[in-house]
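Engineer: My structure is stored as structure_20.cif, with mmCIF, C-alpha atoms.
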```
data_model
#
loop_
_atom_site.label_atom_id
_atom_site.label_comp_id
_atom_site.auth_asym_id
_atom_site.auth_seq_id
_atom_site.Cartn_x
_atom_site.Cartn_y
_atom_site.Cartn_z
CA MET A 28 100.22 70.06 167.41
CA SER A 29 97.16 71.51 165.66
CA GLU A 30 96.88 71.67 161.87
CA ALA A 31 96.92 75.47 162.01
CA ALA A 32 100.13 75.48 164.05
CA THR A 33 101.75 72.98 161.68
CA SER A 34 100.73 75.12 158.72
CA LYS A 35 102.19 78.21 160.38
CA ASP A 36 105.45 76.35 161.04
CA SER A 37 105.63 75.31 157.37
CA ALA A 38 105.17 78.90 156.26
CA ALA A 39 107.90 80.05 158.65
CA PHE A 40 110.23 77.31 157.37
CA CYS A 41 109.75 78.47 153.77
CA ALA A 42 110.34 82.11 154.69
CA ASP A 43 113.57 81.22 156.50
CA LEU A 44 114.76 79.01 153.63
CA VAL A 45 114.26 81.76 151.05
CA ARG A 46 115.71 84.45 153.32
CA THR A 47 118.85 82.34 153.80
CA HIS A 48 119.45 81.12 150.24
CA ASP A 49 117.68 83.60 147.92
CA PHE A 50 117.65 86.90 149.73
CA VAL A 51 116.84 88.96 146.62
CA ARG A 52 113.55 87.15 146.03
CA TYR A 53 112.81 87.11 149.77
CA ALA A 54 113.35 90.86 150.01
CA SER A 55 111.17 91.49 146.96
CA THR A 56 108.18 89.88 148.72
CA LEU A 57 108.35 92.59 151.39
CA PHE A 58 107.02 95.04 148.82
CA LEU A 59 103.90 93.00 148.04
CA PRO A 60 100.72 92.71 150.13
CA ALA A 61 100.99 90.38 153.12
CA VAL A 62 98.15 88.29 151.70
CA HIS A 63 100.41 87.31 148.78
CA ARG A 64 103.72 86.87 150.60
CA ARG A 65 103.11 83.36 151.91
CA ALA A 66 102.25 82.01 148.46
CA LEU A 67 105.23 83.73 146.86
CA LEU A 68 107.57 82.32 149.50
CA ALA A 69 106.20 78.82 148.87
CA ILE A 70 107.10 79.09 145.17
CA TYR A 71 110.50 80.57 145.93
CA ALA A 72 111.21 77.94 148.59
CA PHE A 73 110.43 75.21 146.05
CA ASN A 74 112.91 76.86 143.68
CA VAL A 75 115.55 76.93 146.42
CA GLU A 76 115.03 73.23 147.07
CA ILE A 77 115.44 72.34 143.40
CA SER A 78 118.29 74.71 142.54
CA ARG A 79 120.33 73.59 145.57
CA VAL A 80 120.18 69.85 144.85
CA ARG A 81 123.59 70.01 143.13
CA GLU A 82 125.11 71.51 146.28
CA GLN A 83 123.73 68.75 148.47
CA VAL A 84 124.79 65.62 146.60
CA SER A 85 128.17 64.26 145.57
CA GLN A 86 126.88 62.17 142.65
CA PRO A 87 124.15 62.78 140.04
CA LEU A 88 122.03 59.73 140.95
CA PRO A 89 120.99 60.92 144.45
CA GLY A 90 120.20 64.29 142.88
CA GLU A 91 118.04 62.64 140.23
CA MET A 92 116.21 60.77 142.99
CA ARG A 93 115.50 63.99 144.91
CA MET A 94 114.17 65.67 141.81
CA GLN A 95 112.05 62.63 140.99
CA TRP A 96 110.46 62.88 144.44
CA TRP A 97 109.35 66.43 143.64
CA THR A 98 108.09 65.39 140.22
CA ASP A 99 106.07 62.57 141.77
CA MET A 100 104.71 64.90 144.44
CA LEU A 101 103.51 67.41 141.85
CA GLU A 102 101.97 64.70 139.69
CA GLY A 103 100.32 63.12 142.71
CA ALA A 104 102.17 59.84 142.25
CA GLY A 105 103.14 57.90 145.38
CA HIS A 106 104.72 59.24 148.54
CA GLY A 107 101.35 59.74 150.23
CA GLY A 108 100.99 63.03 152.09
CA VAL A 109 103.49 65.88 152.21
CA GLU A 110 103.15 66.65 155.93
CA GLY A 111 106.78 65.73 156.57
CA ASN A 112 108.03 68.25 154.01
CA PRO A 113 107.04 71.84 154.86
CA VAL A 114 107.99 73.19 151.42
CA ALA A 115 105.94 70.56 149.62
CA ALA A 116 102.98 71.20 151.95
CA GLU A 117 103.12 74.96 151.34
CA LEU A 118 103.57 74.52 147.61
CA ARG A 119 100.62 72.17 147.30
CA GLN A 120 98.44 74.61 149.26
CA THR A 121 99.55 77.50 147.03
CA ILE A 122 98.89 75.54 143.83
CA GLY A 123 95.35 74.82 145.00
CA GLU A 124 94.58 78.29 146.32
CA PHE A 125 95.81 80.18 143.24
CA ARG A 126 95.13 77.46 140.66
CA LEU A 127 98.71 77.42 139.50
CA PRO A 128 99.61 75.22 136.53
CA ILE A 129 101.78 72.20 137.32
CA GLU A 130 103.58 72.05 133.98
CA PRO A 131 105.95 75.03 134.56
CA LEU A 132 106.98 73.55 137.91
CA LEU A 133 107.72 70.19 136.27
CA ARG A 134 109.76 71.87 133.52
CA LEU A 135 111.72 73.80 136.14
CA ILE A 136 112.71 70.50 137.78
CA GLU A 137 113.59 68.96 134.43
CA GLU A 138 115.76 71.92 133.42
CA HIS A 139 117.69 71.85 136.71
CA GLN A 140 118.71 68.25 136.04
CA PHE A 141 121.35 69.86 133.84
CA ASP A 142 122.97 71.17 137.03
CA LEU A 143 123.73 67.65 138.24
CA TYR A 144 126.20 66.91 135.48
CA ASN A 145 129.33 68.62 134.20
CA ASP A 146 128.27 68.77 130.56
CA PRO A 147 128.81 72.28 129.17
CA MET A 148 125.89 74.48 128.20
CA PRO A 149 126.09 73.86 124.43
CA SER A 150 124.59 76.96 122.83
CA MET A 151 122.85 80.28 123.31
CA ALA A 152 119.56 78.63 122.41
CA ALA A 153 120.09 76.05 125.16
CA LEU A 154 120.87 78.75 127.72
CA GLU A 155 117.78 80.73 126.71
CA GLY A 156 115.68 77.57 127.12
CA TYR A 157 117.19 77.01 130.55
CA ALA A 158 116.50 80.60 131.65
CA THR A 159 112.97 80.53 130.21
CA ASP A 160 112.03 77.38 132.14
CA THR A 161 113.64 78.57 135.39
CA ALA A 162 113.87 82.35 135.94
CA SER A 163 111.08 83.29 133.49
CA ALA A 164 108.81 80.56 134.87
CA LEU A 165 109.30 81.85 138.42
CA PHE A 166 108.34 85.38 137.37
CA SER A 167 105.27 84.06 135.55
CA LEU A 168 104.12 81.89 138.48
CA ALA A 169 104.75 84.65 141.01
CA ALA A 170 102.79 87.10 138.86
CA ARG A 171 99.77 84.78 139.00
CA ILE A 172 99.69 85.33 142.75
CA ALA A 173 99.35 89.09 142.31
CA ALA A 174 97.09 89.34 139.24
CA PRO A 175 95.16 87.24 136.72
CA PRO A 176 97.41 85.78 134.00
CA SER A 177 97.68 87.59 130.67
CA ALA A 178 99.77 87.54 127.51
CA ALA A 179 101.34 90.87 128.49
CA ILE A 180 102.50 89.52 131.86
CA ASP A 181 103.88 86.34 130.28
CA HIS A 182 105.76 88.45 127.71
CA LEU A 183 107.27 90.52 130.50
CA ALA A 184 108.10 87.39 132.52
CA ARG A 185 109.89 85.83 129.58
CA HIS A 186 112.17 88.80 128.89
CA GLY A 187 112.70 89.54 132.57
CA GLY A 188 113.63 85.93 133.24
CA LEU A 189 116.03 85.80 130.31
CA ALA A 190 117.80 88.92 131.56
CA GLN A 191 117.91 87.65 135.13
CA GLY A 192 118.89 84.11 134.16
CA ILE A 193 121.79 85.22 131.97
CA ALA A 194 122.96 87.68 134.64
CA GLN A 195 122.90 84.90 137.23
CA VAL A 196 125.09 82.74 135.00
CA LEU A 197 127.61 85.57 134.90
CA THR A 198 127.54 86.33 138.63
CA ALA A 199 127.96 82.62 139.39
CA LEU A 200 130.88 82.27 136.97
CA PRO A 201 133.67 82.23 139.62
CA HIS A 202 131.84 79.55 141.64
CA ASP A 203 130.93 77.44 138.62
CA ALA A 204 134.40 77.68 137.06
CA ALA A 205 135.98 76.49 140.32
CA ARG A 206 133.94 73.27 140.15
CA ARG A 207 134.44 72.93 136.38
CA GLN A 208 130.83 73.58 135.46
CA LEU A 209 130.08 75.67 132.39
CA PHE A 210 126.88 77.65 131.94
CA VAL A 211 128.41 80.15 129.50
CA PRO A 212 127.48 78.66 126.11
CA LEU A 213 130.39 76.65 124.72
CA GLN A 214 129.43 77.61 121.18
CA LEU A 215 129.76 81.29 122.12
CA LEU A 216 133.19 80.75 123.68
CA LEU A 217 134.44 78.87 120.62
CA GLN A 218 133.18 81.62 118.31
CA HIS A 219 135.48 84.03 120.13
CA GLY A 220 138.48 81.68 120.18
CA SER A 221 138.05 80.65 123.80
CA GLY A 222 136.98 77.37 125.40
CA MET A 223 136.14 75.51 128.57
CA GLU A 224 139.67 75.26 129.94
CA GLN A 225 140.23 79.01 129.66
CA VAL A 226 137.12 79.55 131.78
CA PHE A 227 138.00 76.81 134.26
CA ALA A 228 141.44 78.42 134.74
CA GLY A 229 139.58 81.32 136.32
CA LYS A 230 141.67 84.00 134.67
CA GLN A 231 140.33 86.57 132.27
CA THR A 232 141.53 86.42 128.66
CA PRO A 233 140.56 88.72 125.78
CA GLN A 234 138.77 85.82 124.06
CA ALA A 235 136.71 84.79 127.10
CA ARG A 236 135.98 88.43 127.88
CA ALA A 237 134.64 88.95 124.35
CA ALA A 238 132.23 86.04 124.79
CA ILE A 239 131.15 87.31 128.20
CA ASP A 240 130.61 90.82 126.82
CA GLN A 241 128.34 89.39 124.11
CA LEU A 242 126.38 87.55 126.81
CA ILE A 243 126.07 90.76 128.84
CA GLY A 244 124.77 92.51 125.72
CA GLU A 245 122.09 89.84 125.23
CA ALA A 246 120.97 90.18 128.85
CA ARG A 247 120.81 93.97 128.62
CA LYS A 248 118.60 93.76 125.50
CA HIS A 249 116.14 91.50 127.30
CA LEU A 250 116.22 93.80 130.32
CA ARG A 251 115.45 96.89 128.25
CA THR A 252 112.48 95.09 126.73
CA ALA A 253 111.27 93.99 130.17
CA PHE A 254 111.41 97.53 131.55
CA GLU A 255 109.44 98.79 128.52
CA LEU A 256 106.81 96.07 129.08
CA LEU A 257 106.34 96.95 132.78
CA ALA A 258 104.12 99.87 131.79
CA HIS A 259 101.68 97.49 130.08
CA VAL A 260 100.89 95.22 133.04
CA PRO A 261 98.58 95.98 136.01
CA PRO A 262 100.28 97.96 138.83
CA PRO A 263 99.65 95.23 141.46
CA VAL A 264 101.88 92.79 139.55
CA ARG A 265 104.83 95.12 138.99
CA PRO A 266 106.50 94.61 142.41
CA VAL A 267 106.97 90.92 141.49
CA PHE A 268 109.56 92.16 139.00
CA LEU A 269 111.52 94.31 141.47
CA PRO A 270 114.50 91.87 141.37
CA LEU A 271 115.16 93.17 137.85
CA THR A 272 116.52 96.35 139.41
CA LEU A 273 119.32 94.25 140.91
CA THR A 274 119.85 92.54 137.56
CA HIS A 275 120.26 96.01 136.04
CA ARG A 276 122.81 96.94 138.70
CA ASP A 277 124.78 93.71 138.20
CA LEU A 278 124.88 94.02 134.41
CA LYS A 279 126.00 97.65 134.67
CA ARG A 280 128.85 96.61 136.99
CA MET A 281 129.87 93.70 134.75
CA SER A 282 129.97 95.98 131.70
CA ARG A 283 132.76 98.13 133.14
CA ALA A 284 136.11 97.63 131.44
CA ASP A 285 137.83 97.06 134.79
CA ALA A 286 135.33 94.40 135.95
CA ASP A 287 136.89 90.93 136.24
CA PRO A 288 134.14 88.30 135.76
CA PHE A 289 136.22 85.72 137.62
CA VAL A 290 136.33 87.70 140.88
CA PRO A 291 133.35 86.96 143.15
CA GLN A 292 131.17 89.93 144.07
CA ALA A 293 129.15 90.15 147.27
CA THR A 294 126.30 92.54 147.98
CA SER A 295 125.15 93.29 151.50
CA ARG A 296 121.56 92.57 152.42
CA LEU A 297 121.14 96.18 153.42
CA ARG A 298 122.23 97.31 149.95
CA ILE A 299 119.77 94.86 148.36
CA LEU A 300 116.92 96.18 150.50
CA TRP A 301 117.86 99.78 149.76
CA THR A 302 117.99 99.14 146.00
CA LEU A 303 114.59 97.41 146.01
CA TRP A 304 113.01 100.07 148.24
CA ARG A 305 114.26 102.89 146.03
CA ALA A 306 112.95 101.14 142.91
CA SER A 307 109.59 100.46 144.58
CA ARG A 308 109.08 104.21 144.93
CA THR A 309 109.35 104.80 141.17
CA LYS A 310 106.50 105.01 138.68
CA GLU A 311 107.81 101.95 136.79
CA PHE A 312 107.04 99.68 139.73
CA GLY A 313 103.81 101.34 140.76
CA GLY A 314 105.19 103.68 143.39
#
```
Let me see the file written as structure tokens.
Structural biologist:
Amino acid sequence: MSEAATSKDSAAFCADLVRTHDFVRYASTLFLPAVHRRALLAIYAFNVEISRVREQVSQPLPGEMRMQWWTDMLEGAGHGGVEGNPVAAELRQTIGEFRLPIEPLLRLIEEHQFDLYNDPMPSMAALEGYATDTASALFSLAARIAAPPSAAIDHLARHGGLAQGIAQVLTALPHDAARRQLFVPLQLLLQHGSGMEQVFAGKQTPQARAAIDQLIGEARKHLRTAFELLAHVPPPVRPVFLPLTLTHRDLKRMSRADADPFVPQATSRLRILWTLWRASRTKEFGG
């Protein structure tokens, strides 16, 4: 098989991986120029690989080994070529083509090591650090594909990622509680008279709800700031932040008094596409 064909297969593999496991980010790439889509999908496919390690291993050690492989690959240590791993091949090509910094990718891996263990998220500061090095980093890296980096874009990426990261913790709460994993800050729960076991029971209590409501409020503040900052970045980069429209929808739903945070919510792919398309036509996102 020719190198061009192999490269095309790697790109198709990344697109399929993101479409299957992170449809929101996949769908958002449809609203950016085709010349940028392949690079964006390489970054998002890498994120899928790292964020799904917990789902694919039964013990932390094999997960640590998988993450170490990615760390070594990014640092150029050992393992030779990446031809056998289509995501690694696409990511390496994207890093070279767009001169992406390695450090945020390494921090993303390091932060996701938390996922491998059942230690509770200790504090709000710890959760904000987690979201900054995962969701915010992805926004920042993706934005570099669409426009030159700037302080304004990084400021937007930080607040957008904090809003999205906190919202994702809340939407994943039923799944995480069922496997006794706590991303809602333990310190926040204790402040409201709740605790881990209340969350793991999967039933809403006034104390747990008060902690969750405070978390929703924090996410909404970051989201308001992100939407204000959108006007101060170049129009070509704004579609990268289209997933924030879904974060807005999720936080609005969660804020309703009758919303039970322990009941899983599913959104159809058609609804996701419709929401992103409608947002893409607005002035905020350059429409």
Engineer: Would you list the contacts of region 245-259 of chain A as a PDB file with C-alpha atoms, in the frame of the given file, taking every protein, DNA or RNA residue within 10 Å and counting all atoms listed in the file, but skipping same-chain residues closer than 5 positions in sequence?
Structural biologist:
```
ATOM      1  CA  MET A 151     122.850  80.280 123.310  1.00  0.00           C
ATOM      2  CA  ALA A 179     101.340  90.870 128.490  1.00  0.00           C
ATOM      3  CA  ILE A 180     102.500  89.520 131.860  1.00  0.00           C
ATOM      4  CA  HIS A 182     105.760  88.450 127.710  1.00  0.00           C
ATOM      5  CA  LEU A 183     107.270  90.520 130.500  1.00  0.00           C
ATOM      6  CA  ALA A 184     108.100  87.390 132.520  1.00  0.00           C
ATOM      7  CA  ARG A 185     109.890  85.830 129.580  1.00  0.00           C
ATOM      8  CA  HIS A 186     112.170  88.800 128.890  1.00  0.00           C
ATOM      9  CA  GLY A 187     112.700  89.540 132.570  1.00  0.00           C
ATOM     10  CA  GLY A 188     113.630  85.930 133.240  1.00  0.00           C
ATOM     11  CA  LEU A 189     116.030  85.800 130.310  1.00  0.00           C
ATOM     12  CA  ALA A 190     117.800  88.920 131.560  1.00  0.00           C
ATOM     13  CA  GLN A 191     117.910  87.650 135.130  1.00  0.00           C
ATOM     14  CA  GLY A 192     118.890  84.110 134.160  1.00  0.00           C
ATOM     15  CA  ILE A 193     121.790  85.220 131.970  1.00  0.00           C
ATOM     16  CA  ALA A 194     122.960  87.680 134.640  1.00  0.00           C
ATOM     17  CA  ILE A 239     131.150  87.310 128.200  1.00  0.00           C
ATOM     18  CA  ASP A 240     130.610  90.820 126.820  1.00  0.00           C
ATOM     19  CA  VAL A 264     101.880  92.790 139.550  1.00  0.00           C
ATOM     20  CA  ARG A 265     104.830  95.120 138.990  1.00  0.00           C
ATOM     21  CA  PRO A 266     106.500  94.610 142.410  1.00  0.00           C
ATOM     22  CA  PHE A 268     109.560  92.160 139.000  1.00  0.00           C
ATOM     23  CA  LEU A 271     115.160  93.170 137.850  1.00  0.00           C
ATOM     24  CA  THR A 272     116.520  96.350 139.410  1.00  0.00           C
ATOM     25  CA  THR A 274     119.850  92.540 137.560  1.00  0.00           C
ATOM     26  CA  HIS A 275     120.260  96.010 136.040  1.00  0.00           C
ATOM     27  CA  LEU A 278     124.880  94.020 134.410  1.00  0.00           C
ATOM     28  CA  LYS A 279     126.000  97.650 134.670  1.00  0.00           C
ATOM     29  CA  SER A 282     129.970  95.980 131.700  1.00  0.00           C
ATOM     30  CA  LYS A 310     106.500 105.010 138.680  1.00  0.00           C
ATOM     31  CA  GLU A 311     107.810 101.950 136.790  1.00  0.00           C
ATOM     32  CA  PHE A 312     107.040  99.680 139.730  1.00  0.00           C
ATOM     33  CA  GLY A 313     103.810 101.340 140.760  1.00  0.00           C
TER      34      GLY A 313
END
```
Engineer: With all atoms listed in the file as the basis for distance, which of A:Ser177, A:Gln292, A:Gln214, A:Asn145 is at the shortest distance from Phe227 (chain A)?
Structural biologist: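 That would be A:Asn145, the residue with the smallest distance to Phe227 (chain A).
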Engineer: Can you tell me which residues surround Leu135 (chain A) at a distance of at most 12 Å, considering only C-alpha atoms, apart from same-chain residues fewer than 3 positions away, and format the answer as a PyMOL selection string?
Structural biologist: chain A and resi 70-71+73-78+94+97-98+101+129-132+138-142+156-165+168
Engineer: Just give me the gap between CA of Cys41 (chain A) and CA of Val114 (chain A) in Å, one decimal is fine.
Structural biologist: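 Separation of CA of Cys41 (chain A) and CA of Val114 (chain A): 6.0 Å.
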Engineer: Starting from the PyMOL selection byres ((chain A and resi 119-125) around 8), expand the selection into actual residues of this file and give them as a list in words.
Structural biologist: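 Evaluating the PyMOL selection byres ((chain A and resi 119-125) around 8) on these coordinates yields Ala66, Ala69, Ile70, Leu101, Ala115, Ala116, Glu117, Leu118, Arg126, Leu127, Pro128, Ile129, Arg171 and Ile172 of chain A.
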Engineer: Now that the selection is made, can you save its residues with C-alpha atoms as a compact mmCIF listing (two decimals), in the coordinates of the input?
Structural biologist:
```txt
# COMPACT_ATOMS: atom_id res chain seq x y z
CA ALA A 66 102.25 82.01 148.46
CA ALA A 69 106.20 78.82 148.87
CA ILE A 70 107.10 79.09 145.17
CA LEU A 101 103.51 67.41 141.85
CA ALA A 115 105.94 70.56 149.62
CA ALA A 116 102.98 71.20 151.95
CA GLU A 117 103.12 74.96 151.34
CA LEU A 118 103.57 74.52 147.61
CA ARG A 126 95.13 77.46 140.66
CA LEU A 127 98.71 77.42 139.50
CA PRO A 128 99.61 75.22 136.53
CA ILE A 129 101.78 72.20 137.32
CA ARG A 171 99.77 84.78 139.00
CA ILE A 172 99.69 85.33 142.75
```
Engineer: Once you add 3 Å to each side, what are the centre and edge lengths of the axis-aligned box holding all listed atoms of region 125-143 of chain A? One decimal in Å, as lines of an AutoDock Vina configuration file, if you can.
Structural biologist:
```
center_x = 109.4
center_y = 73.9
center_z = 138.3
size_x = 34.6
size_y = 18.5
size_z = 15.8
```
Engineer: Give me, please, the distance in Å between CA of Arg296 (chain A) and CA of Val84 (chain A), quoted to one decimal.
Structural biologist: 27.8 Å
Engineer: Evaluate the PyMOL selection byres ((chain A and resi 37) around 9) on the structure here and hand back the selected residues as a ChimeraX atom specification.
Structural biologist: /A:32-36,38-42,112-114,116-117
